[in-house]
Structures are given as structure tokens and as C-alpha cells.
>>> print(open('entry17.csv').read())   # CSV, C-alpha atoms and all ligand atoms
chain,number,residue,atom,x,y,z
A,1,MET,CA,9.7,-3.5,21.2
A,2,LYS,CA,11.5,-3.3,17.8
A,3,VAL,CA,10.4,-4.7,14.5
A,4,SER,CA,13.6,-6.8,14.5
A,5,GLN,CA,12.5,-8.5,17.7
A,6,ILE,CA,9.2,-9.5,16.2
A,7,ILE,CA,10.9,-10.8,13.1
A,8,GLU,CA,13.2,-12.9,15.3
A,9,ALA,CA,10.4,-14.2,17.6
A,10,LEU,CA,8.0,-15.1,14.8
A,11,SER,CA,10.6,-16.1,12.2
A,12,LEU,CA,9.2,-13.6,9.7
A,13,LYS,CA,10.6,-13.0,6.3
A,14,VAL,CA,11.6,-9.5,5.3
A,15,LEU,CA,10.2,-8.6,1.9
A,16,ALA,CA,10.9,-4.9,2.0
A,17,GLY,CA,12.4,-2.2,4.3
A,18,GLU,CA,15.4,-4.2,5.5
A,19,SER,CA,17.3,-1.1,6.6
A,20,PHE,CA,14.5,0.2,8.9
A,21,LEU,CA,14.1,-2.8,11.2
A,22,ASP,CA,15.0,-1.0,14.4
A,23,ARG,CA,11.7,0.9,14.2
A,24,GLU,CA,9.7,0.8,17.4
A,25,VAL,CA,6.3,-1.1,17.5
A,26,CYS,CA,3.6,0.4,19.7
A,27,SER,CA,0.4,-1.4,18.9
A,28,GLY,CA,-1.3,-3.8,16.4
A,29,TYR,CA,-4.3,-4.1,14.2
A,30,CYS,CA,-5.6,-6.7,11.9
A,31,CYS,CA,-8.0,-5.7,9.1
A,32,ASP,CA,-8.4,-5.9,5.3
A,33,LEU,CA,-10.7,-2.9,4.8
A,34,LEU,CA,-8.5,0.1,4.1
A,35,SER,CA,-10.8,2.9,5.3
A,36,ARG,CA,-11.2,1.0,8.6
A,37,VAL,CA,-7.5,0.9,8.9
A,38,MET,CA,-7.3,4.6,8.1
A,39,ALA,CA,-9.8,5.2,10.9
A,40,ARG,CA,-8.1,3.1,13.5
A,41,GLY,CA,-4.5,3.5,12.4
A,42,GLU,CA,-1.9,4.5,14.9
A,43,LYS,CA,1.6,5.6,14.4
A,44,GLY,CA,4.0,2.8,15.1
A,45,MET,CA,1.4,0.0,14.7
A,46,VAL,CA,1.9,-3.4,13.1
A,47,TRP,CA,-0.7,-4.1,10.5
A,48,ILE,CA,-1.7,-7.6,9.5
A,49,THR,CA,-3.5,-7.8,6.2
A,50,VAL,CA,-4.1,-10.2,3.2
A,51,GLN,CA,-4.2,-7.1,0.9
A,52,THR,CA,-1.0,-7.0,-1.2
A,53,HIS,CA,-1.8,-4.3,-3.8
A,54,MET,CA,0.0,-1.0,-4.2
A,55,ASN,CA,-2.3,1.0,-1.9
A,56,ILE,CA,-1.1,-0.8,1.2
A,57,VAL,CA,2.1,1.2,0.9
A,58,ALA,CA,0.2,4.5,0.8
A,59,VAL,CA,-1.9,3.5,3.8
A,60,ALA,CA,1.2,2.4,5.8
A,61,THR,CA,3.0,5.6,4.9
A,62,LEU,CA,0.2,7.9,5.7
A,63,ILE,CA,-0.4,6.2,9.1
A,64,GLU,CA,3.4,6.0,9.7
A,65,MET,CA,3.1,2.3,10.7
A,66,ALA,CA,5.9,0.3,12.1
A,67,CYS,CA,5.4,-2.5,9.6
A,68,ILE,CA,3.0,-4.6,7.6
A,69,ILE,CA,2.8,-8.4,8.0
A,70,ILE,CA,1.3,-10.5,5.1
A,71,PRO,CA,0.0,-13.9,6.4
A,72,GLU,CA,-0.4,-17.3,4.9
A,73,GLY,CA,2.7,-16.9,2.7
A,74,ILE,CA,0.8,-14.8,0.2
A,75,GLU,CA,3.1,-13.4,-2.4
A,76,VAL,CA,3.6,-9.7,-3.0
A,77,GLU,CA,4.3,-8.3,-6.4
A,78,ARG,CA,7.8,-6.9,-7.1
A,79,LYS,CA,6.5,-3.4,-8.0
A,80,VAL,CA,4.7,-3.2,-4.6
A,81,LEU,CA,7.9,-4.2,-2.8
A,82,ASP,CA,10.0,-1.7,-4.8
A,83,LYS,CA,7.5,1.1,-3.9
A,84,ALA,CA,7.6,0.0,-0.2
A,85,GLU,CA,11.4,0.1,-0.3
A,86,GLU,CA,11.3,3.6,-1.8
A,87,GLU,CA,8.9,4.9,0.9
A,88,GLY,CA,10.6,3.2,3.8
A,89,VAL,CA,7.7,0.8,4.4
A,90,ILE,CA,8.6,-2.6,6.0
A,91,ILE,CA,6.7,-5.5,4.6
A,92,LEU,CA,7.1,-8.9,6.4
A,93,SER,CA,5.8,-12.3,5.4
A,94,SER,CA,4.8,-15.4,7.4
A,95,ASP,CA,3.2,-18.8,6.6
A,96,LEU,CA,1.0,-18.4,9.7
A,97,THR,CA,-2.6,-17.1,9.5
A,98,ALA,CA,-3.5,-13.6,10.6
A,99,PHE,CA,-5.2,-15.2,13.6
A,100,GLU,CA,-2.0,-17.0,14.7
A,101,LEU,CA,0.1,-13.9,14.1
A,102,ALA,CA,-2.1,-11.6,16.0
A,103,GLY,CA,-2.3,-14.2,18.9
A,104,LYS,CA,1.5,-14.4,19.1
A,105,LEU,CA,2.0,-10.7,18.9
A,106,TYR,CA,-0.6,-10.2,21.7
A,107,GLN,CA,1.2,-12.7,23.8
A,108,MET,CA,4.4,-10.8,23.3
A,109,GLY,CA,2.7,-7.7,24.8
A,110,ILE,CA,1.8,-5.8,21.7
A,111,VAL,CA,-1.4,-3.9,22.6
A,112,PRO,CA,-4.4,-3.5,20.3
A,113,VAL,CA,-5.0,-0.1,18.7
A,114,LYS,CA,-7.5,2.1,20.6
A,115,VAL,CA,-11.0,1.7,19.1
A,116,ARG,CA,-12.8,5.0,19.4
B,1,MET,CA,12.6,24.5,6.6
B,2,THR,CA,12.5,26.6,9.7
B,3,GLY,CA,11.1,30.1,10.5
B,4,GLY,CA,7.4,29.5,10.2
B,5,TYR,CA,5.0,28.7,7.3
B,6,TYR,CA,4.3,30.5,4.1
B,7,SER,CA,1.4,30.2,1.7
B,8,ILE,CA,1.4,27.5,-1.0
B,9,GLU,CA,-1.1,26.0,-3.4
B,10,GLN,CA,-0.7,22.8,-5.2
B,11,VAL,CA,-3.0,20.9,-7.6
B,12,PHE,CA,-3.0,17.1,-8.2
B,13,HIS,CA,-4.9,15.4,-11.0
B,14,VAL,CA,-6.6,12.2,-9.9
B,15,LYS,CA,-7.6,9.6,-12.5
B,16,ALA,CA,-10.8,7.5,-12.2
B,17,GLY,CA,-10.2,3.8,-11.6
B,18,ASP,CA,-6.4,4.2,-11.4
B,19,PHE,CA,-5.9,2.0,-8.3
B,20,ALA,CA,-2.2,1.6,-9.0
B,21,SER,CA,-1.2,5.2,-8.4
B,22,ALA,CA,-4.0,6.0,-6.0
B,23,GLY,CA,-2.7,7.5,-2.8
B,24,GLU,CA,0.1,9.3,-4.5
B,25,ALA,CA,-1.4,12.8,-4.3
B,26,SER,CA,-2.1,12.4,-0.6
B,27,SER,CA,1.4,11.0,0.0
B,28,GLN,CA,2.7,14.2,-1.8
B,29,ILE,CA,0.5,16.3,0.4
B,30,LYS,CA,1.9,14.7,3.5
B,31,LYS,CA,5.5,15.3,2.4
B,32,ILE,CA,4.8,19.0,1.6
B,33,LEU,CA,3.2,19.5,5.0
B,34,LYS,CA,6.1,17.8,6.8
B,35,GLN,CA,8.5,20.0,4.9
B,36,LEU,CA,6.6,23.1,6.0
B,37,GLY,CA,7.1,22.0,9.6
B,38,ILE,CA,3.4,21.5,10.4
B,39,ASP,CA,2.7,19.7,13.7
B,40,SER,CA,2.8,16.0,13.1
B,41,THR,CA,-0.7,15.3,14.5
B,42,LEU,CA,-2.2,17.8,12.2
B,43,VAL,CA,-0.2,16.3,9.3
B,44,ARG,CA,-1.7,12.9,10.0
B,45,ARG,CA,-5.2,14.3,10.2
B,46,VAL,CA,-4.8,16.1,6.8
B,47,SER,CA,-3.2,13.1,5.2
B,48,ILE,CA,-6.0,10.7,6.2
B,49,ALA,CA,-8.6,13.1,5.0
B,50,ALA,CA,-6.8,13.8,1.7
B,51,TYR,CA,-6.3,10.0,1.2
B,52,GLU,CA,-10.1,9.3,1.6
B,53,ALA,CA,-11.0,12.2,-0.7
B,54,GLU,CA,-8.5,11.0,-3.3
B,55,MET,CA,-9.8,7.5,-3.1
B,56,ASN,CA,-13.3,8.7,-3.6
B,57,LEU,CA,-12.2,10.5,-6.8
B,58,VAL,CA,-10.6,7.3,-8.0
B,59,ILE,CA,-13.5,4.9,-7.0
B,60,HIS,CA,-16.7,7.0,-7.4
B,61,SER,CA,-16.0,9.9,-9.8
B,62,VAL,CA,-15.1,10.4,-13.4
B,63,GLY,CA,-11.8,11.8,-12.1
B,64,GLY,CA,-11.0,15.2,-10.7
B,65,GLU,CA,-8.6,17.4,-8.8
B,66,LEU,CA,-7.2,17.3,-5.3
B,67,LYS,CA,-6.0,20.7,-4.2
B,68,LEU,CA,-3.9,21.7,-1.2
B,69,LYS,CA,-3.8,25.2,0.1
B,70,VAL,CA,-1.7,26.2,3.1
B,71,THR,CA,-1.7,29.6,4.7
B,72,PRO,CA,-0.2,30.6,8.1
B,73,GLN,CA,-3.7,30.1,9.6
B,74,SER,CA,-5.2,27.1,7.9
B,75,ILE,CA,-4.9,24.1,5.6
B,76,VAL,CA,-7.6,23.5,3.0
B,77,VAL,CA,-7.8,20.3,1.0
B,78,THR,CA,-10.3,20.5,-1.9
B,79,ALA,CA,-11.5,17.6,-4.0
B,80,GLU,CA,-13.5,18.5,-7.1
B,81,ASP,CA,-14.9,16.3,-9.8
B,82,LYS,CA,-17.2,16.6,-12.8
B,83,GLY,CA,-19.5,13.7,-11.9
B,84,PRO,CA,-21.6,11.6,-11.3
B,85,GLY,CA,-22.5,13.5,-8.1
B,86,ILE,CA,-24.0,12.3,-4.9
B,87,PRO,CA,-27.8,12.0,-4.8
B,88,ASP,CA,-28.2,12.0,-1.0
B,89,ILE,CA,-25.4,13.5,0.9
B,90,ASP,CA,-26.8,12.6,4.4
B,91,LEU,CA,-26.9,9.0,3.3
B,92,ALA,CA,-23.4,9.1,1.9
B,93,MET,CA,-22.1,10.5,5.2
B,94,GLN,CA,-23.5,7.5,7.1
B,95,GLU,CA,-20.8,5.1,8.3
B,96,GLY,CA,-21.1,1.8,6.3
B,97,TYR,CA,-23.0,3.3,3.4
B,98,SER,CA,-21.1,2.5,0.1
B,99,THR,CA,-21.9,2.2,-3.5
B,100,ALA,CA,-18.3,1.0,-4.3
B,101,PRO,CA,-18.2,-1.5,-7.2
B,102,GLU,CA,-17.1,-5.1,-6.6
B,103,ILE,CA,-13.7,-4.5,-8.2
B,104,ALA,CA,-13.0,-1.8,-5.5
B,105,ARG,CA,-14.3,-4.0,-2.7
B,106,GLU,CA,-12.0,-6.8,-3.6
B,107,LEU,CA,-9.1,-4.4,-3.0
B,108,GLY,CA,-10.4,-3.5,0.5
B,109,PHE,CA,-12.2,-0.3,-0.5
B,110,GLY,CA,-15.9,0.4,0.1
B,111,ALA,CA,-16.1,0.2,3.9
B,112,GLY,CA,-18.3,3.3,3.7
B,113,MET,CA,-16.1,5.1,6.2
B,114,GLY,CA,-14.3,7.5,3.9
B,115,LEU,CA,-16.6,10.5,4.3
B,116,PRO,CA,-17.0,9.9,8.1
B,117,ASN,CA,-13.2,9.6,8.4
B,118,ILE,CA,-12.8,13.0,6.6
B,119,LYS,CA,-15.4,14.6,8.9
B,120,ARG,CA,-13.7,13.2,12.0
B,121,CYS,CA,-10.3,14.5,10.9
B,122,ALA,CA,-11.4,18.0,9.8
B,123,ASP,CA,-12.2,21.1,11.7
B,124,ARG,CA,-14.8,21.9,9.1
B,125,LEU,CA,-16.2,20.1,6.1
B,126,ASN,CA,-18.3,21.4,3.3
B,127,ILE,CA,-19.8,19.1,0.7
B,128,GLN,CA,-21.7,20.3,-2.4
B,129,SER,CA,-22.9,17.9,-5.0
B,130,LYS,CA,-25.3,17.8,-7.9
B,131,VAL,CA,-26.2,14.7,-9.8
B,132,GLY,CA,-25.0,14.9,-13.4
B,133,GLU,CA,-22.7,17.8,-12.5
B,134,GLY,CA,-20.2,16.8,-9.8
B,135,THR,CA,-19.0,17.0,-6.3
B,136,LEU,CA,-17.0,19.6,-4.4
B,137,LEU,CA,-15.5,18.7,-1.0
B,138,GLU,CA,-13.8,21.4,1.0
B,139,ILE,CA,-11.9,20.2,4.0
B,140,TYR,CA,-10.7,22.8,6.5
B,141,PHE,CA,-8.0,22.5,9.2
B,142,ASP,CA,-7.1,25.3,11.6
B,143,ILE,CA,-3.4,25.9,12.4
B,144,LYS,CA,-3.5,26.8,16.0
B,145,ALA,CA,-1.2,29.6,17.1
B,146,ARG,CA,1.6,28.3,19.3
C,1,LIG,N1,-16.7,12.1,-5.4
C,1,LIG,C1,-17.8,11.3,-5.4
C,1,LIG,N2,-18.6,11.2,-6.4
C,1,LIG,C2,-19.7,10.5,-6.4
C,1,LIG,N3,-20.1,9.8,-5.3
C,1,LIG,C3,-19.3,9.8,-4.2
C,1,LIG,C4,-18.1,10.6,-4.2
C,1,LIG,N4,-17.6,10.5,-2.9
C,1,LIG,C5,-18.4,9.7,-2.2
C,1,LIG,N5,-19.5,9.3,-3.0
C,1,LIG,C6,-20.6,8.4,-2.5
C,1,LIG,O1,-20.6,8.4,-1.1
C,1,LIG,C7,-20.5,7.1,-0.6
C,1,LIG,C8,-19.8,7.0,0.7
C,1,LIG,O2,-18.4,7.4,0.5
C,1,LIG,P1,-17.3,6.9,1.6
C,1,LIG,O3,-17.8,7.3,2.9
C,1,LIG,O4,-16.0,7.5,1.2
C,1,LIG,O5,-17.3,5.3,1.5
C,1,LIG,P2,-16.8,4.4,0.3
C,1,LIG,O6,-15.8,5.2,-0.5
C,1,LIG,O7,-16.1,3.3,1.1
C,1,LIG,O8,-17.9,3.9,-0.5
C,1,LIG,C9,-19.8,6.3,-1.8
C,1,LIG,O9,-20.1,4.9,-1.7
C,1,LIG,C10,-20.5,7.0,-3.0
C,1,LIG,O10,-21.8,6.5,-3.2
C,2,MG,MG,-14.4,6.5,0.2
>>> encode(input="entry17.csv", output="C-alpha cells")
Amino acid sequence: MKVSQIIEALSLKVLAGESFLDREVCSGYCCDLLSRVMARGEKGMVWITVQTHMNIVAVATLIEMACIIIPEGIEVERKVLDKAEEEGVIILSSDLTAFELAGKLYQMGIVPVKVR
Amino acid sequence: MTGGYYSIEQVFHVKAGDFASAGEASSQIKKILKQLGIDSTLVRRVSIAAYEAEMNLVIHSVGGELKLKVTPQSIVVTAEDKGPGIPDIDLAMQEGYSTAPEIARELGFGAGMGLPNIKRCADRLNIQSKVGEGTLLEIYFDIKAR
């Protein structure tokens, strides 16, 4: 499944990374503790988090995530979006909660990351 | 870049408390390794370890240096700082143990998984620390012959 299909299905707003939307999504994870995300992170995963500071771009880049989804319409600072754009990180936004987003993605067939 | 690897060494200065640019050194390390044509799974392991080491310099130390050394046989990431040091290394290595301040926790740091993550990613890990003097982390990765 491509990021663009998720955007379409969940009516997500694209905040950064518009030109990379045909990236493939392999799995999903929902967490706000960055080291936990680093431990569980999988290439091609979608990450749902309420964290919006600069470091989420580094985490997404290092893990080679498919995209980040920010729930509850939380705003993301311009400088973070600029950095994401520069690094090729897709940041999406939704008014739904993380719980709802994860539920919908799961229903669409996105599998959880493997927890070792 | 094709035709095998060559030896390089690069040093990055990491500032204490600088959350805004935190992660940049490890992102650089990742780019360098990719350019060298290192296997992508190994690049990910090194990147994750480098990130956790970099964040520990930012969160817990007075600042320090992150160093990348690549030879045809191995990759070594070194994190060195001048304090405050780790009183009990075995305790610090335990998953969930963290002394991260509130300001770092609010940003999602302080899960107490950094050092365990580094150990899991590395082929070998060496930690030396002395309270009042500083901490030296040497993280080794083998480049397997193909
Ligand atoms: N460079 C360092 N200097 C001093 N203390 C450190 C350093 N690195 C790690 N520590 C100590 O080890 C603990 C565990 O580190 P880590 O596993 O990375 O978890 P976290 O960074 O989430 O606290 C830290 O909370 C801190 O007490
Ligand atoms: Mg840490």
C-alpha cells in the first residue's frame, strides 16, 4: 500500500514531503517515546505520534519510515516541516486521535511492527 | 561510490541540551555510510546506535564528541564526554532505567532504552565511565566479508 492511498482513505493533510507520496507502507507503530520507536522501528513503517519537535525528523530519517502521522490536529512548527521537506520525510496530519488512526490503518491491512 | 570501502574518520561535536540540532551527527553518519556503499541493514544498526549515543551526550553529559571510524573490516562509533560520568554502569544498562530530566521526558526522551538499544545493535560495546571525569562509549560493528 502506498502513502497516497492512506492519505486518500483517511483524508489526511500533507504537511511535508508532498513529492514522495508513492512511498510503500509496510507496517505501523504508535508511540511517543523516541527510544522505544528507535528500538521497534522498521523501514517503511507509518509512525503515529503527538511529538512534533525537530527530533522526529531525525528519528524518521534514521529508521527510513514511510511517513509520520500527527493526530488530533496538533500543529507542527514551520521549521520542523522545512527540515522534513529537506530530508524527504513525509509528515501527515489528522483531526482523529492516535487510537482512531491506528484502528483504521489496522483495518486497511497495515500490520503492526514486530515486537522482539 | 563503487569499488569497495576505504578508511575514513570523522568527528562531530555534540552540544549539551541542544535538542534542536540533536540527531544531526547521526544523520550525517548515516549519509556517509550510505555513500560508502555499506550494506543497508548495517547502516541502520550503526545509525540507531549513533543516534542513542548522540542523544545521551545531549541529554546527560556536559557535551562531547561523536566519532565515526570506518575501515574495510569494521565501523567504530565513539562517544566521549567530560562529565558527569555514570556512577553504576550495570544499572544504566538496564532497560527502563533513566535519570533524564523532566524537560527531556516531555520531548519523548528518557525511556531508558538508549544503552540497551546500542548494545542490541552493536557487535561489541565498551563503556568506561568515571564520576567527575566523563564517559567513553566505543561501539564496534564488523563488516562481514562478502
Ligand atoms: N554520556 C552519559 N553521561 C552521563 N550519564 C549517562 C550518559 N549516558 C547515559 N547515562 C546514564 O545512563 C542512563 C541510561 O541511559 P539510556 O539507556 O540511554 O536511557 P535514557 O537516555 O533514556 O535515560 C541515563 O539516564 C543516565 O543516567
Ligand atoms: Mg539515552
>>> closest_residue(input="entry17.csv", among="B:Glu80, B:Glu133, B:Glu9, B:Glu95", to="chain A", atoms="only C-alpha atoms")
B:Glu95
>>> interface_residues(input="entry17.csv", of="chain B", to="chain A", cutoff="8 Å", atoms="all atoms listed in the file", output="VMD selection string")
chain B and resid 19 to 24 27 30 44 47 to 48 52 107 to 114 117
>>> atom_distance(input="entry17.csv", atom1="atom CA of Asp81 of chain B", atom2="atom O8 of ligand LIG 1 (chain C)")
15.8 Å
>>> residues_around(input="entry17.csv", residues="Arg124 of chain B", least_positions_apart="3", cutoff="9 Å", atoms="all atoms listed in the file", output="list in words")
Lys119, Cys121, Glu138, Ile139, Tyr140, Phe141 and Asp142 of chain B
>>> residues_around(input="entry17.csv", residues="Leu66 of chain B", least_positions_apart="3", cutoff="8 Å", atoms="all atoms listed in the file", output="list in words")
Val11, Phe12, His13, Val14, Ala25, Ala50, Ala53, Glu54, Val77, Thr78, Ala79 and Glu80 of chain B
>>> axis_aligned_box(input="entry17.csv", around="segment 62-78 of chain A", padding_each_side="6 Å", output="lines of an AutoDock Vina configuration file")
center_x = 3.7
center_y = -4.7
center_z = 2.5
size_x = 20.2
size_y = 37.2
size_z = 31.2
>>> residues_around(input="entry17.csv", residues="Ile110 of chain A", least_positions_apart="6", cutoff="8 Å", atoms="all atoms listed in the file", output="list of chain:residue names")
A:Val25, A:Cys26, A:Ser27, A:Gly28
>>> closest_residue(input="entry17.csv", among="B:Ile38, B:Ile86, B:Met55, B:Ile103", to="ligand MG 2 (chain C)", atoms="all atoms listed in the file")
B:Met55
